[in-house]
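Text of start22.pdb, listed as PDB, C-alpha atoms:
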ATOM      1  CA  MET A   1       2.859   5.452 -24.642  1.00  0.00           C
ATOM      2  CA  THR A   2       4.793   2.349 -23.629  1.00  0.00           C
ATOM      3  CA  ILE A   3       2.864  -0.007 -21.376  1.00  0.00           C
ATOM      4  CA  PRO A   4       5.225  -1.943 -19.084  1.00  0.00           C
ATOM      5  CA  VAL A   5       4.700  -5.690 -18.913  1.00  0.00           C
ATOM      6  CA  PHE A   6       5.902  -7.667 -15.903  1.00  0.00           C
ATOM      7  CA  ASP A   7       6.526 -11.406 -15.725  1.00  0.00           C
ATOM      8  CA  TYR A   8       6.486 -13.328 -12.425  1.00  0.00           C
ATOM      9  CA  ARG A   9       9.120 -15.724 -13.779  1.00  0.00           C
ATOM     10  CA  THR A  10      11.714 -12.962 -14.132  1.00  0.00           C
ATOM     11  CA  ASP A  11      10.519  -9.884 -12.211  1.00  0.00           C
ATOM     12  CA  ILE A  12      10.833 -11.027  -8.598  1.00  0.00           C
ATOM     13  CA  ALA A  13      10.563  -7.540  -7.160  1.00  0.00           C
ATOM     14  CA  ASN A  14       8.246  -4.633  -6.539  1.00  0.00           C
ATOM     15  CA  VAL A  15       6.825  -3.970  -9.995  1.00  0.00           C
ATOM     16  CA  VAL A  16       4.356  -1.151  -9.261  1.00  0.00           C
ATOM     17  CA  VAL A  17       4.813   1.395  -6.487  1.00  0.00           C
ATOM     18  CA  HIS A  18       2.385   4.289  -6.083  1.00  0.00           C
ATOM     19  CA  PRO A  19       0.502   5.744  -3.120  1.00  0.00           C
ATOM     20  CA  GLU A  20      -2.592   4.062  -4.553  1.00  0.00           C
ATOM     21  CA  ILE A  21      -1.021   0.595  -4.776  1.00  0.00           C
ATOM     22  CA  ARG A  22       2.176  -1.423  -4.356  1.00  0.00           C
ATOM     23  CA  ALA A  23       2.404  -4.694  -6.284  1.00  0.00           C
ATOM     24  CA  ARG A  24       5.170  -7.250  -6.337  1.00  0.00           C
ATOM     25  CA  PHE A  25       6.120 -10.810  -7.187  1.00  0.00           C
ATOM     26  CA  MET A  26       7.776 -12.695  -4.338  1.00  0.00           C
ATOM     27  CA  ARG A  27       9.602 -16.039  -4.413  1.00  0.00           C
ATOM     28  CA  MET A  28      10.098 -17.888  -1.119  1.00  0.00           C
ATOM     29  CA  GLU A  29      11.956 -21.048  -0.226  1.00  0.00           C
ATOM     30  CA  PRO A  30      10.388 -23.282   2.462  1.00  0.00           C
ATOM     31  CA  ALA A  31      11.212 -21.737   5.840  1.00  0.00           C
ATOM     32  CA  PRO A  32       9.505 -20.739   9.087  1.00  0.00           C
ATOM     33  CA  ALA A  33       7.067 -17.846   8.828  1.00  0.00           C
ATOM     34  CA  ALA A  34       8.298 -14.331   9.495  1.00  0.00           C
ATOM     35  CA  PRO A  35       6.838 -12.350  12.423  1.00  0.00           C
ATOM     36  CA  MET A  36       3.313 -11.076  11.996  1.00  0.00           C
ATOM     37  CA  HIS A  37       2.583  -7.616  10.621  1.00  0.00           C
ATOM     38  CA  SER A  38      -0.440  -5.605   9.511  1.00  0.00           C
ATOM     39  CA  HIS A  39      -1.233  -2.543   7.410  1.00  0.00           C
ATOM     40  CA  ASP A  40      -3.046   0.332   9.092  1.00  0.00           C
ATOM     41  CA  LEU A  41      -4.707   1.549   5.891  1.00  0.00           C
ATOM     42  CA  GLY A  42      -4.021  -1.034   3.192  1.00  0.00           C
ATOM     43  CA  GLY A  43      -5.974  -4.075   2.179  1.00  0.00           C
ATOM     44  CA  GLU A  44      -3.745  -6.816   0.771  1.00  0.00           C
ATOM     45  CA  ILE A  45      -4.368  -9.399  -1.940  1.00  0.00           C
ATOM     46  CA  PHE A  46      -2.216 -12.515  -2.265  1.00  0.00           C
ATOM     47  CA  LEU A  47      -2.375 -14.742  -5.348  1.00  0.00           C
ATOM     48  CA  VAL A  48      -0.318 -17.945  -5.367  1.00  0.00           C
ATOM     49  CA  LEU A  49       1.293 -18.555  -8.761  1.00  0.00           C
ATOM     50  CA  GLU A  50       3.522 -21.543  -8.037  1.00  0.00           C
ATOM     51  CA  GLY A  51       4.050 -23.953  -5.162  1.00  0.00           C
ATOM     52  CA  GLN A  52       2.286 -24.053  -1.812  1.00  0.00           C
ATOM     53  CA  CYS A  53       2.048 -21.071   0.536  1.00  0.00           C
ATOM     54  CA  GLU A  54       0.760 -21.084   4.092  1.00  0.00           C
ATOM     55  CA  PHE A  55      -0.835 -17.859   5.276  1.00  0.00           C
ATOM     56  CA  ILE A  56      -1.368 -17.207   8.969  1.00  0.00           C
ATOM     57  CA  VAL A  57      -4.114 -14.632   9.467  1.00  0.00           C
ATOM     58  CA  GLU A  58      -4.411 -13.683  13.136  1.00  0.00           C
ATOM     59  CA  ASP A  59      -4.556 -17.212  14.652  1.00  0.00           C
ATOM     60  CA  GLU A  60      -5.844 -19.069  11.579  1.00  0.00           C
ATOM     61  CA  PRO A  61      -3.518 -20.890   9.139  1.00  0.00           C
ATOM     62  CA  ILE A  62      -4.574 -21.644   5.580  1.00  0.00           C
ATOM     63  CA  THR A  63      -2.543 -23.183   2.761  1.00  0.00           C
ATOM     64  CA  CYS A  64      -3.133 -22.090  -0.833  1.00  0.00           C
ATOM     65  CA  GLY A  65      -1.860 -23.430  -4.137  1.00  0.00           C
ATOM     66  CA  PRO A  66      -1.546 -22.068  -7.680  1.00  0.00           C
ATOM     67  CA  GLY A  67      -4.522 -20.007  -8.771  1.00  0.00           C
ATOM     68  CA  GLN A  68      -5.848 -19.421  -5.259  1.00  0.00           C
ATOM     69  CA  LEU A  69      -6.218 -15.928  -3.803  1.00  0.00           C
ATOM     70  CA  ILE A  70      -6.903 -14.491  -0.370  1.00  0.00           C
ATOM     71  CA  TYR A  71      -7.636 -10.957   0.842  1.00  0.00           C
ATOM     72  CA  ILE A  72      -6.411  -9.506   4.143  1.00  0.00           C
ATOM     73  CA  GLU A  73      -8.322  -6.532   5.510  1.00  0.00           C
ATOM     74  CA  PRO A  74      -6.528  -3.493   6.991  1.00  0.00           C
ATOM     75  CA  ARG A  75      -5.297  -3.825  10.566  1.00  0.00           C
ATOM     76  CA  VAL A  76      -5.453  -7.650  10.479  1.00  0.00           C
ATOM     77  CA  LYS A  77      -2.211  -9.371  11.545  1.00  0.00           C
ATOM     78  CA  HIS A  78      -0.777 -11.831   9.060  1.00  0.00           C
ATOM     79  CA  THR A  79       2.323 -13.517   7.704  1.00  0.00           C
ATOM     80  CA  LEU A  80       3.147 -16.141   5.079  1.00  0.00           C
ATOM     81  CA  HIS A  81       5.767 -18.715   4.118  1.00  0.00           C
ATOM     82  CA  ALA A  82       6.410 -21.449   1.566  1.00  0.00           C
ATOM     83  CA  VAL A  83       5.541 -24.978   2.623  1.00  0.00           C
ATOM     84  CA  GLY A  84       6.046 -28.336   0.961  1.00  0.00           C
ATOM     85  CA  ASP A  85       8.993 -29.603  -1.050  1.00  0.00           C
ATOM     86  CA  GLY A  86       9.882 -26.506  -3.056  1.00  0.00           C
ATOM     87  CA  PRO A  87       9.631 -22.729  -3.341  1.00  0.00           C
ATOM     88  CA  CYS A  88       6.454 -20.794  -3.940  1.00  0.00           C
ATOM     89  CA  VAL A  89       5.855 -17.664  -6.003  1.00  0.00           C
ATOM     90  CA  VAL A  90       3.215 -15.197  -4.874  1.00  0.00           C
ATOM     91  CA  TYR A  91       1.777 -12.009  -6.337  1.00  0.00           C
ATOM     92  CA  LEU A  92       0.707  -9.435  -3.767  1.00  0.00           C
ATOM     93  CA  SER A  93      -0.754  -5.972  -3.844  1.00  0.00           C
ATOM     94  CA  VAL A  94      -1.402  -3.502  -1.024  1.00  0.00           C
ATOM     95  CA  THR A  95      -3.722  -0.559  -1.530  1.00  0.00           C
ATOM     96  CA  PRO A  96      -3.370   2.186  -0.548  1.00  0.00           C
ATOM     97  CA  HIS A  97       0.389   2.149  -0.011  1.00  0.00           C
ATOM     98  CA  VAL A  98       0.919   4.884   2.582  1.00  0.00           C
ATOM     99  CA  GLU A  99       3.843   5.178   5.002  1.00  0.00           C
ATOM    100  CA  PRO A 100       4.388   3.621   7.456  1.00  0.00           C
ATOM    101  CA  THR A 101       3.193   0.802   5.220  1.00  0.00           C
ATOM    102  CA  HIS A 102       3.664  -1.980   7.803  1.00  0.00           C
ATOM    103  CA  THR A 103       2.874  -2.223  11.489  1.00  0.00           C
ATOM    104  CA  ARG A 104       5.180  -4.720  13.184  1.00  0.00           C
ATOM    105  CA  TYR A 105       4.702  -6.266  16.613  1.00  0.00           C
ATOM    106  CA  GLY A 106       6.914  -7.206  19.532  1.00  0.00           C
ATOM    107  CA  ASP A 107       6.961 -10.514  21.372  1.00  0.00           C
ATOM    108  CA  ASP A 108       4.247  -9.141  23.672  1.00  0.00           C
ATOM    109  CA  GLY A 109       1.958  -8.533  20.699  1.00  0.00           C
ATOM    110  CA  GLU A 110       2.107  -4.771  21.067  1.00  0.00           C
ATOM    111  CA  PRO A 111       2.836  -2.563  18.021  1.00  0.00           C
ATOM    112  CA  LEU A 112       6.442  -1.452  17.619  1.00  0.00           C
ATOM    113  CA  ILE A 113       7.372   2.143  16.812  1.00  0.00           C
ATOM    114  CA  PRO A 114       6.666   3.067  13.173  1.00  0.00           C
ATOM    115  CA  ARG A 115       9.339   2.341  10.566  1.00  0.00           C
ATOM    116  CA  TYR A 116       9.305   4.200   7.280  1.00  0.00           C
ATOM    117  CA  ALA A 117      10.365   2.799   3.896  1.00  0.00           C
ATOM    118  CA  GLY A 118      11.227  -0.541   5.521  1.00  0.00           C
ATOM    119  CA  TRP A 119       9.473  -2.377   2.683  1.00  0.00           C
ATOM    120  CA  ARG A 120      12.205  -1.181   0.315  1.00  0.00           C
ATOM    121  CA  GLY A 121      14.895  -3.281   1.991  1.00  0.00           C
ATOM    122  CA  LYS A 122      18.428  -2.421   3.040  1.00  0.00           C
ATOM    123  CA  GLY A 123      19.334  -1.003  -0.359  1.00  0.00           C
ATOM    124  CA  PHE A 124      16.797   1.789  -0.067  1.00  0.00           C
ATOM    125  CA  HIS A 125      17.729   5.015  -1.804  1.00  0.00           C
ATOM    126  CA  ASP A 126      15.645   8.113  -1.183  1.00  0.00           C
ATOM    127  CA  VAL A 127      14.666   9.330  -4.660  1.00  0.00           C
ATOM    128  CA  ASN A 128      14.054  12.752  -3.116  1.00  0.00           C
ATOM    129  CA  ALA A 129      17.503  12.996  -1.533  1.00  0.00           C
ATOM    130  CA  ASP A 130      18.208  16.185  -3.499  1.00  0.00           C
ATOM    131  CA  ARG A 131      15.205  17.939  -1.916  1.00  0.00           C
ATOM    132  CA  SER A 132      15.490  19.636   1.459  1.00  0.00           C
ATOM    133  CA  LEU A 133      13.369  18.605   4.421  1.00  0.00           C
ATOM    134  CA  ALA A 134      11.769  22.059   4.363  1.00  0.00           C
ATOM    135  CA  ASP A 135      10.784  21.635   0.705  1.00  0.00           C
ATOM    136  CA  LEU A 136       9.206  18.236   1.346  1.00  0.00           C
ATOM    137  CA  ALA A 137       7.389  19.549   4.418  1.00  0.00           C
ATOM    138  CA  GLN A 138       6.041  22.551   2.500  1.00  0.00           C
ATOM    139  CA  SER A 139       4.751  20.313  -0.312  1.00  0.00           C
ATOM    140  CA  TYR A 140       3.015  18.129   2.230  1.00  0.00           C
ATOM    141  CA  ALA A 141       1.522  21.151   4.001  1.00  0.00           C
ATOM    142  CA  ARG A 142       0.116  22.474   0.718  1.00  0.00           C
ATOM    143  CA  SER A 143      -1.542  19.143  -0.005  1.00  0.00           C
ATOM    144  CA  VAL A 144      -3.065  19.053   3.500  1.00  0.00           C
ATOM    145  CA  ARG A 145      -4.532  22.519   3.050  1.00  0.00           C
ATOM    146  CA  ASP A 146      -5.817  21.675  -0.428  1.00  0.00           C
ATOM    147  CA  LEU A 147      -7.552  18.560   0.854  1.00  0.00           C
ATOM    148  CA  ALA A 148      -9.103  20.526   3.711  1.00  0.00           C
ATOM    149  CA  ALA A 149     -10.409  23.142   1.275  1.00  0.00           C
ATOM    150  CA  ARG A 150     -11.879  20.555  -1.100  1.00  0.00           C
ATOM    151  CA  ALA A 151     -13.417  18.639   1.775  1.00  0.00           C
ATOM    152  CA  GLN A 152     -15.054  21.856   2.975  1.00  0.00           C
ATOM    153  CA  VAL A 153     -16.484  22.480  -0.505  1.00  0.00           C
ATOM    154  CA  ASN A 154     -17.930  18.971  -0.418  1.00  0.00           C
ATOM    155  CA  ALA A 155     -19.345  19.523   3.076  1.00  0.00           C
ATOM    156  CA  ASP A 156     -21.019  22.736   1.891  1.00  0.00           C
ATOM    157  CA  ALA A 157     -22.472  20.872  -1.093  1.00  0.00           C
ATOM    158  CA  ILE A 158     -24.010  18.140   1.045  1.00  0.00           C
ATOM    159  CA  ASP A 159     -25.538  20.811   3.257  1.00  0.00           C
ATOM    160  CA  ARG A 160     -27.193  22.354   0.200  1.00  0.00           C
ATOM    161  CA  HIS A 161     -28.534  19.021  -1.031  1.00  0.00           C
ATOM    162  CA  LEU A 162     -29.353  17.349   2.260  1.00  0.00           C
ATOM    163  CA  ASN A 163     -33.051  18.202   2.107  1.00  0.00           C
ATOM    164  CA  THR A 164     -33.386  16.329  -1.191  1.00  0.00           C
ATOM    165  CA  LEU A 165     -31.663  13.241   0.169  1.00  0.00           C
ATOM    166  CA  GLU A 166     -33.704  13.272   3.375  1.00  0.00           C
ATOM    167  CA  ASP A 167     -37.044  13.691   1.602  1.00  0.00           C
ATOM    168  CA  ASP A 168     -38.532  10.196   1.387  1.00  0.00           C
ATOM    169  CA  ALA A 169     -41.238  11.437  -0.961  1.00  0.00           C
ATOM    170  CA  ALA A 170     -38.590  12.538  -3.478  1.00  0.00           C
ATOM    171  CA  ALA A 171     -36.384   9.507  -3.082  1.00  0.00           C
ATOM    172  CA  SER A 172     -36.938   8.124  -6.583  1.00  0.00           C
ATOM    173  CA  PRO A 173     -33.908   7.584  -8.838  1.00  0.00           C
ATOM    174  CA  ASP A 174     -35.089  10.382 -11.160  1.00  0.00           C
ATOM    175  CA  ALA A 175     -35.211  12.826  -8.271  1.00  0.00           C
ATOM    176  CA  VAL A 176     -32.023  11.715  -6.527  1.00  0.00           C
ATOM    177  CA  LYS A 177     -29.677  11.208  -9.490  1.00  0.00           C
ATOM    178  CA  PRO A 178     -29.067  14.933 -10.242  1.00  0.00           C
ATOM    179  CA  THR A 179     -28.166  15.446  -6.589  1.00  0.00           C
ATOM    180  CA  ILE A 180     -25.812  12.450  -6.556  1.00  0.00           C
ATOM    181  CA  ASP A 181     -24.236  13.667  -9.822  1.00  0.00           C
ATOM    182  CA  ALA A 182     -23.620  17.110  -8.307  1.00  0.00           C
ATOM    183  CA  LEU A 183     -22.096  15.621  -5.166  1.00  0.00           C
ATOM    184  CA  TRP A 184     -19.868  13.257  -7.162  1.00  0.00           C
ATOM    185  CA  LEU A 185     -17.853  16.145  -8.573  1.00  0.00           C
ATOM    186  CA  GLY A 186     -16.957  17.233  -5.044  1.00  0.00           C
ATOM    187  CA  VAL A 187     -16.170  13.667  -3.978  1.00  0.00           C
ATOM    188  CA  ARG A 188     -13.891  13.240  -7.007  1.00  0.00           C
ATOM    189  CA  ASP A 189     -11.992  16.449  -6.279  1.00  0.00           C
ATOM    190  CA  ALA A 190     -11.598  15.585  -2.587  1.00  0.00           C
ATOM    191  CA  LEU A 191     -10.308  12.075  -3.331  1.00  0.00           C
ATOM    192  CA  GLN A 192      -7.871  13.407  -5.935  1.00  0.00           C
ATOM    193  CA  ALA A 193      -6.599  15.807  -3.286  1.00  0.00           C
ATOM    194  CA  ALA A 194      -6.318  12.900  -0.840  1.00  0.00           C
ATOM    195  CA  SER A 195      -4.202  11.025  -3.394  1.00  0.00           C
ATOM    196  CA  GLU A 196      -1.888  14.038  -3.668  1.00  0.00           C
ATOM    197  CA  LEU A 197      -1.629  14.135   0.128  1.00  0.00           C
ATOM    198  CA  GLU A 198      -0.608  10.465   0.121  1.00  0.00           C
ATOM    199  CA  ARG A 199       2.066  11.195  -2.488  1.00  0.00           C
ATOM    200  CA  THR A 200       3.619  14.138  -0.631  1.00  0.00           C
ATOM    201  CA  TRP A 201       3.441  12.263   2.678  1.00  0.00           C
ATOM    202  CA  ASN A 202       5.239   9.263   1.168  1.00  0.00           C
ATOM    203  CA  GLU A 203       7.974  11.631  -0.007  1.00  0.00           C
ATOM    204  CA  LEU A 204       8.350  13.200   3.440  1.00  0.00           C
ATOM    205  CA  ALA A 205       8.009  10.115   5.666  1.00  0.00           C
ATOM    206  CA  PRO A 206      11.321   8.376   4.762  1.00  0.00           C
ATOM    207  CA  ARG A 207      13.147  11.270   6.442  1.00  0.00           C
ATOM    208  CA  GLY A 208      11.929   9.664   9.675  1.00  0.00           C
ATOM    209  CA  MET A 209      13.904   6.476   9.078  1.00  0.00           C
ATOM    210  CA  LEU A 210      16.121   5.323  11.904  1.00  0.00           C
ATOM    211  CA  VAL A 211      19.742   4.786  10.932  1.00  0.00           C
ATOM    212  CA  ASP A 212      19.662   1.140  12.058  1.00  0.00           C
ATOM    213  CA  SER A 213      16.291   0.314  10.489  1.00  0.00           C
TER
END

I'd like the structure from this file rewritten - as structure tokens, please.
Amino acid sequence: MTIPVFDYRTDIANVVVHPEIRARFMRMEPAPAAPMHSHDLGGEIFLVLEGQCEFIVEDEPITCGPGQLIYIEPRVKHTLHAVGDGPCVVYLSVTPHVEPTHTRYGDDGEPLIPRYAGWRGKGFHDVNADRSLADLAQSYARSVRDLAARAQVNADAIDRHLNTLEDDAAASPDAVKPTIDALWLGVRDALQAASELERTWNELAPRGMLVDS
């Protein structure tokens, strides 16, 4: 197994892209901030590596320097830009990374129509271009049904164990742990199915790109 190693001094790009997480290094010259955006599902971490970066989170500006990190919760509007005399370099990660990954806003503050794969830039190439729309849709449909089935198994399990969890007299760790252990297996399977749904959705969603986006 070869473990990839990325270096912020040379790899100014998206370095990890999965439904679970997108991570990148970004270098910015001093300039006005871009329009605000948010992420419907993803929480975002920013870590400043070099220079000074101003973040604007909703209506609050904050400037961070090397070694400082902030976290932006899902659905919170934000933007960032380099400030000071030189460029800044920032590491960011968004998790989960599910299309449409960004919600952008008009001048009136209202959300614009969704854009898919916009984070990839103008040079975007659909890695699934050789697959038909029907094939992508069928893969997505299978993952939806699988998640529904696993979620139902988990719902049935909680119904079987609910009496134990609701019994205050039996609510000691020794009594509860076997129940939690049994439920965990269903939670794990359901979340693995959810991850597969994210993957197949991210493959299908770029087919909804507008030509001029």

Practice item. For the structure shown, which residues end up in the PyMOL selection byres ((chain A and resi 153) around 12)? Put them as a ChimeraX atom specification, please? Key: /A:146-152,154-160,182-190

Exercise for review: Apply the PyMOL selection byres ((chain A and resi 107-123) around 9) to the file shown and report the selected residues as a VMD selection string.
Suggested key: chain A and resid 14 37 99 to 106 124 to 125 202 205 to 210 213

Kindly resolve the PyMOL selection byres ((chain A and resi 95) around 8) on the present coordinates and return the residues as a PDB file with C-alpha atoms, in the coordinates of the input.
ATOM      1  CA  PRO A  19       0.502   5.744  -3.120  1.00  0.00           C
ATOM      2  CA  GLU A  20      -2.592   4.062  -4.553  1.00  0.00           C
ATOM      3  CA  ILE A  21      -1.021   0.595  -4.776  1.00  0.00           C
ATOM      4  CA  ARG A  22       2.176  -1.423  -4.356  1.00  0.00           C
ATOM      5  CA  LEU A  41      -4.707   1.549   5.891  1.00  0.00           C
ATOM      6  CA  GLY A  42      -4.021  -1.034   3.192  1.00  0.00           C
ATOM      7  CA  GLY A  43      -5.974  -4.075   2.179  1.00  0.00           C
ATOM      8  CA  GLU A  44      -3.745  -6.816   0.771  1.00  0.00           C
ATOM      9  CA  SER A  93      -0.754  -5.972  -3.844  1.00  0.00           C
ATOM     10  CA  VAL A  94      -1.402  -3.502  -1.024  1.00  0.00           C
ATOM     11  CA  PRO A  96      -3.370   2.186  -0.548  1.00  0.00           C
ATOM     12  CA  HIS A  97       0.389   2.149  -0.011  1.00  0.00           C
TER      13      HIS A  97
END

Review point. Between A:Ala129, A:Val89, A:Met26, A:Val83, which one has atoms that come closest to Ala13 in chain A, using all atoms listed in the file?
Key: A:Met26

Exercise for review: One decimal, Å: what's the distance from CA of Gly84 in chain A over to CA of Val16 in chain A, could you say?
Suggested key: 29.1 Å

Review point. Pick from A:Met36, A:Leu162, A:Ile45, A:Val90: nearest to His78 in chain A, with all atoms listed in the file counted?
Key: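 Between A:Met36, A:Leu162, A:Ile45, A:Val90, the residue approaching His78 in chain A most closely is A:Met36.
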
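If you measure from each of A:Ile12, A:Ala34, A:Cys88, A:Val127 to Leu49 in chain A using only C-alpha atoms, the closest one turns out to be A:Cys88.
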